[in-house]
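Asks: The structure file query-v6.cif (mmCIF, N, CA and C atoms) is provided below.
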data_run
#
loop_
_atom_site.label_atom_id
_atom_site.label_comp_id
_atom_site.auth_asym_id
_atom_site.auth_seq_id
_atom_site.Cartn_x
_atom_site.Cartn_y
_atom_site.Cartn_z
N MET A 350 -135.90 28.67 -135.93
CA MET A 350 -136.06 28.34 -137.33
C MET A 350 -135.04 29.14 -138.14
N THR A 351 -134.44 28.50 -139.09
CA THR A 351 -133.47 29.14 -139.96
C THR A 351 -133.93 29.03 -141.39
N THR A 352 -133.75 30.08 -142.13
CA THR A 352 -134.09 30.08 -143.55
C THR A 352 -132.81 30.15 -144.34
N MET A 353 -132.71 29.27 -145.34
CA MET A 353 -131.52 29.24 -146.19
C MET A 353 -131.97 29.10 -147.64
N THR A 354 -131.36 29.86 -148.49
CA THR A 354 -131.65 29.77 -149.92
C THR A 354 -130.40 29.23 -150.61
N ILE A 355 -130.58 28.26 -151.48
CA ILE A 355 -129.44 27.70 -152.20
C ILE A 355 -129.69 27.81 -153.70
N SER A 356 -128.61 27.91 -154.43
CA SER A 356 -128.67 27.89 -155.88
C SER A 356 -127.94 26.64 -156.34
N TYR A 357 -128.47 25.98 -157.33
CA TYR A 357 -127.85 24.74 -157.78
C TYR A 357 -128.18 24.50 -159.24
N ASP A 358 -127.39 23.65 -159.86
CA ASP A 358 -127.60 23.27 -161.25
C ASP A 358 -128.71 22.23 -161.30
N GLU A 359 -129.83 22.56 -161.92
CA GLU A 359 -130.98 21.65 -161.97
C GLU A 359 -130.70 20.38 -162.78
N LYS A 360 -129.60 20.38 -163.51
CA LYS A 360 -129.25 19.20 -164.31
C LYS A 360 -128.33 18.25 -163.55
N ASN A 361 -127.85 18.65 -162.37
CA ASN A 361 -126.95 17.83 -161.58
C ASN A 361 -127.76 16.82 -160.78
N ALA A 362 -127.73 15.57 -161.20
CA ALA A 362 -128.54 14.52 -160.59
C ALA A 362 -128.17 14.28 -159.12
N GLN A 363 -126.90 14.42 -158.77
CA GLN A 363 -126.48 14.19 -157.39
C GLN A 363 -127.07 15.25 -156.45
N ILE A 364 -127.09 16.48 -156.88
CA ILE A 364 -127.66 17.55 -156.06
C ILE A 364 -129.16 17.37 -155.91
N ILE A 365 -129.83 17.03 -156.99
CA ILE A 365 -131.28 16.79 -156.94
C ILE A 365 -131.59 15.66 -155.98
N ASP A 366 -130.81 14.60 -156.04
CA ASP A 366 -130.99 13.46 -155.15
C ASP A 366 -130.78 13.88 -153.69
N LEU A 367 -129.75 14.67 -153.43
CA LEU A 367 -129.48 15.15 -152.08
C LEU A 367 -130.64 16.00 -151.56
N ILE A 368 -131.14 16.89 -152.39
CA ILE A 368 -132.25 17.74 -151.97
C ILE A 368 -133.49 16.91 -151.68
N ARG A 369 -133.77 15.93 -152.50
CA ARG A 369 -134.92 15.04 -152.26
C ARG A 369 -134.77 14.29 -150.95
N LYS A 370 -133.55 13.84 -150.63
CA LYS A 370 -133.31 13.14 -149.37
C LYS A 370 -133.50 14.06 -148.18
N LEU A 371 -133.04 15.31 -148.30
CA LEU A 371 -133.21 16.27 -147.21
C LEU A 371 -134.69 16.58 -146.99
N ILE A 372 -135.45 16.71 -148.07
CA ILE A 372 -136.89 16.97 -147.95
C ILE A 372 -137.57 15.77 -147.31
N ALA A 373 -137.23 14.55 -147.77
CA ALA A 373 -137.85 13.34 -147.24
C ALA A 373 -137.54 13.16 -145.75
N ALA A 374 -136.35 13.57 -145.33
CA ALA A 374 -135.96 13.44 -143.93
C ALA A 374 -136.57 14.53 -143.06
N GLY A 375 -137.20 15.51 -143.68
CA GLY A 375 -137.82 16.59 -142.93
C GLY A 375 -136.83 17.66 -142.50
N VAL A 376 -135.61 17.59 -143.01
CA VAL A 376 -134.58 18.58 -142.66
C VAL A 376 -134.89 19.91 -143.32
N VAL A 377 -135.38 19.87 -144.54
CA VAL A 377 -135.73 21.08 -145.27
C VAL A 377 -137.13 20.94 -145.82
N THR A 378 -137.72 22.07 -146.13
CA THR A 378 -139.02 22.06 -146.79
C THR A 378 -138.87 22.73 -148.14
N TYR A 379 -139.67 22.32 -149.06
CA TYR A 379 -139.63 22.89 -150.39
C TYR A 379 -140.49 24.14 -150.39
N PRO A 380 -139.98 25.24 -150.94
CA PRO A 380 -140.70 26.52 -150.85
C PRO A 380 -142.14 26.49 -151.34
N GLU A 381 -142.46 25.68 -152.30
CA GLU A 381 -143.83 25.65 -152.82
C GLU A 381 -144.80 25.05 -151.80
N TRP A 382 -144.29 24.38 -150.79
CA TRP A 382 -145.15 23.73 -149.81
C TRP A 382 -145.54 24.62 -148.66
N GLU A 383 -144.91 25.76 -148.56
CA GLU A 383 -145.24 26.64 -147.45
C GLU A 383 -145.33 28.08 -147.94
N GLU A 384 -146.15 28.82 -147.30
CA GLU A 384 -146.30 30.23 -147.61
C GLU A 384 -145.66 31.03 -146.48
N TRP A 385 -144.87 32.02 -146.82
CA TRP A 385 -144.26 32.88 -145.81
C TRP A 385 -145.20 34.03 -145.51
N THR A 386 -145.18 34.44 -144.27
CA THR A 386 -145.92 35.65 -143.92
C THR A 386 -145.09 36.83 -144.44
N GLU A 387 -145.72 37.97 -144.49
CA GLU A 387 -145.01 39.16 -144.96
C GLU A 387 -143.82 39.47 -144.06
N GLU A 388 -143.99 39.27 -142.76
CA GLU A 388 -142.91 39.54 -141.80
C GLU A 388 -141.75 38.56 -141.99
N GLU A 389 -142.04 37.28 -142.23
CA GLU A 389 -140.98 36.30 -142.46
C GLU A 389 -140.19 36.63 -143.73
N GLU A 390 -140.91 37.02 -144.76
CA GLU A 390 -140.26 37.38 -146.01
C GLU A 390 -139.36 38.61 -145.83
N LYS A 391 -139.85 39.59 -145.08
CA LYS A 391 -139.08 40.80 -144.80
C LYS A 391 -137.81 40.45 -144.02
N GLN A 392 -137.93 39.60 -143.00
CA GLN A 392 -136.78 39.22 -142.19
C GLN A 392 -135.75 38.45 -143.01
N ALA A 393 -136.19 37.57 -143.89
CA ALA A 393 -135.27 36.82 -144.74
C ALA A 393 -134.52 37.76 -145.68
N PHE A 394 -135.23 38.72 -146.24
CA PHE A 394 -134.60 39.70 -147.13
C PHE A 394 -133.56 40.52 -146.38
N LEU A 395 -133.92 40.99 -145.18
CA LEU A 395 -132.99 41.81 -144.40
C LEU A 395 -131.75 41.02 -144.00
N CYS A 396 -131.93 39.77 -143.63
CA CYS A 396 -130.80 38.93 -143.25
C CYS A 396 -129.85 38.73 -144.42
N THR A 397 -130.39 38.43 -145.59
CA THR A 397 -129.57 38.25 -146.79
C THR A 397 -128.87 39.55 -147.16
N SER A 398 -129.58 40.66 -147.06
CA SER A 398 -128.99 41.95 -147.40
C SER A 398 -127.83 42.29 -146.47
N ARG A 399 -128.02 42.03 -145.17
CA ARG A 399 -126.94 42.30 -144.21
C ARG A 399 -125.72 41.45 -144.49
N ALA A 400 -125.94 40.18 -144.77
CA ALA A 400 -124.82 39.28 -145.04
C ALA A 400 -124.06 39.71 -146.30
N ASN A 401 -124.79 40.07 -147.34
CA ASN A 401 -124.14 40.52 -148.58
C ASN A 401 -123.39 41.83 -148.38
N ALA A 402 -123.99 42.75 -147.64
CA ALA A 402 -123.33 44.03 -147.38
C ALA A 402 -122.06 43.82 -146.55
N ALA A 403 -122.13 42.94 -145.57
CA ALA A 403 -120.95 42.67 -144.73
C ALA A 403 -119.80 42.12 -145.57
N LYS A 404 -120.10 41.26 -146.51
CA LYS A 404 -119.06 40.71 -147.38
C LYS A 404 -118.44 41.81 -148.25
N MET A 405 -119.28 42.68 -148.79
CA MET A 405 -118.77 43.75 -149.64
C MET A 405 -117.91 44.73 -148.85
N PHE A 406 -118.38 45.12 -147.66
CA PHE A 406 -117.65 46.09 -146.85
C PHE A 406 -116.35 45.51 -146.31
N SER A 407 -116.36 44.23 -145.97
CA SER A 407 -115.17 43.63 -145.37
C SER A 407 -113.98 43.66 -146.31
N LYS A 408 -114.22 43.64 -147.60
CA LYS A 408 -113.13 43.69 -148.59
C LYS A 408 -112.41 45.03 -148.54
N HIS A 409 -113.13 46.08 -148.17
CA HIS A 409 -112.56 47.42 -148.18
C HIS A 409 -112.04 47.86 -146.81
N LEU A 410 -112.39 47.14 -145.77
CA LEU A 410 -111.99 47.53 -144.42
C LEU A 410 -110.73 46.83 -143.94
N VAL A 411 -110.26 45.87 -144.67
CA VAL A 411 -109.09 45.11 -144.23
C VAL A 411 -107.81 45.83 -144.54
#
What would the structure in this file look like if it were written as C-alpha coordinates?
Replies:
Amino acid sequence: MTTMTISYDEKNAQIIDLIRKLIAAGVVTYPEWEEWTEEEEKQAFLCTSRANAAKMFSKHLV
(Lines of atoms letter the chains of each structure in order from A and count residues from 1; the text may use other names and numbers.)
(Lines give C-alpha, C1' and ligand atoms only; values in the text may rest on other atoms or scores of the structure.)
Protein backbone atom coordinates (compact mmCIF):
# COMPACT_ATOMS: atom_id res chain seq x y z
CA MET A 1 0.00 0.00 0.00
CA THR A 2 1.25 3.46 -0.86
CA THR A 3 0.10 6.72 0.62
CA MET A 4 0.27 9.89 -1.44
CA THR A 5 -0.88 13.37 -0.58
CA ILE A 6 -1.62 15.86 -3.34
CA SER A 7 -2.36 19.56 -3.34
CA TYR A 8 -4.58 21.01 -6.02
CA ASP A 9 -6.67 24.02 -6.92
CA GLU A 10 -10.22 23.23 -5.80
CA LYS A 11 -11.54 25.53 -8.51
CA ASN A 12 -9.88 23.56 -11.34
CA ALA A 13 -12.71 21.50 -12.83
CA GLN A 14 -10.35 19.20 -14.77
CA ILE A 15 -8.46 18.18 -11.64
CA ILE A 16 -11.68 17.61 -9.70
CA ASP A 17 -12.98 15.45 -12.54
CA LEU A 18 -9.73 13.45 -12.61
CA ILE A 19 -9.84 12.87 -8.86
CA ARG A 20 -13.47 11.73 -9.06
CA LYS A 21 -12.55 9.27 -11.83
CA LEU A 22 -9.65 7.89 -9.80
CA ILE A 23 -11.91 7.43 -6.77
CA ALA A 24 -14.63 5.78 -8.88
CA ALA A 25 -12.07 3.41 -10.40
CA GLY A 26 -10.88 2.42 -6.94
CA VAL A 27 -7.35 3.65 -7.65
CA VAL A 28 -7.47 6.11 -4.77
CA THR A 29 -9.59 6.56 -1.69
CA TYR A 30 -10.81 9.81 -0.31
CA PRO A 31 -9.33 10.53 3.13
CA GLU A 32 -12.70 11.10 4.77
CA TRP A 33 -13.70 7.53 3.93
CA GLU A 34 -10.98 5.86 5.90
CA GLU A 35 -9.42 6.29 9.27
CA TRP A 36 -5.68 5.82 9.69
CA THR A 37 -4.27 4.01 12.64
CA GLU A 38 -1.78 5.92 14.75
CA GLU A 39 1.04 3.80 13.30
CA GLU A 40 -0.03 4.49 9.69
CA GLU A 41 -0.18 8.20 10.37
CA LYS A 42 3.27 8.11 12.00
CA GLN A 43 4.75 6.21 9.03
CA ALA A 44 3.24 8.65 6.51
CA PHE A 45 4.65 11.59 8.44
CA LEU A 46 8.11 10.02 8.65
CA CYS A 47 8.12 9.19 4.94
CA THR A 48 7.17 12.75 3.99
CA SER A 49 9.73 14.19 6.40
CA ARG A 50 12.51 12.01 4.97
CA ALA A 51 11.64 12.97 1.41
CA ASN A 52 11.56 16.68 2.24
CA ALA A 53 14.83 16.49 4.17
CA ALA A 54 16.52 14.63 1.31
CA LYS A 55 15.50 17.36 -1.13
CA MET A 56 16.82 20.10 1.17
CA PHE A 57 20.13 18.34 1.86
CA SER A 58 20.74 17.38 -1.76
CA LYS A 59 20.91 21.06 -2.74
CA HIS A 60 23.86 21.56 -0.40
CA LEU A 61 25.72 18.31 -1.09
CA VAL A 62 26.15 18.69 -4.83
Asks: Got a sec to tell me which of chain A DSSP assigns to alpha helix (DSSP H), as a VMD selection string?
Replies: chain A and resid 362 to 373 387 to 410
Asks: Can you tell me how far atom N of A:Leu367 sits from atom N of A:Ala393, in Å to one decimal?
Replies: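 These two atoms are separated by 25.6 Å.
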Asks: State, in Å with one decimal place, the distance from atom CA of A:Leu371 to atom C of A:Asn401.
Replies: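 A separation of 27.4 Å between them.
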Asks: For a test of reading the model, state the distance in Å between atom CA of A:Thr354 and atom CA of A:Val377, rounded to one decimal.
Replies: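 The value is 10.7 Å.
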Asks: Write out as a ChimeraX atom specification each polymer residue whose atoms come within 12 Å of A:Thr397, counting only C-alpha atoms; drop sequence neighbours fewer than 4 positions from it.
Replies: /A:352-355,390-393,401-404
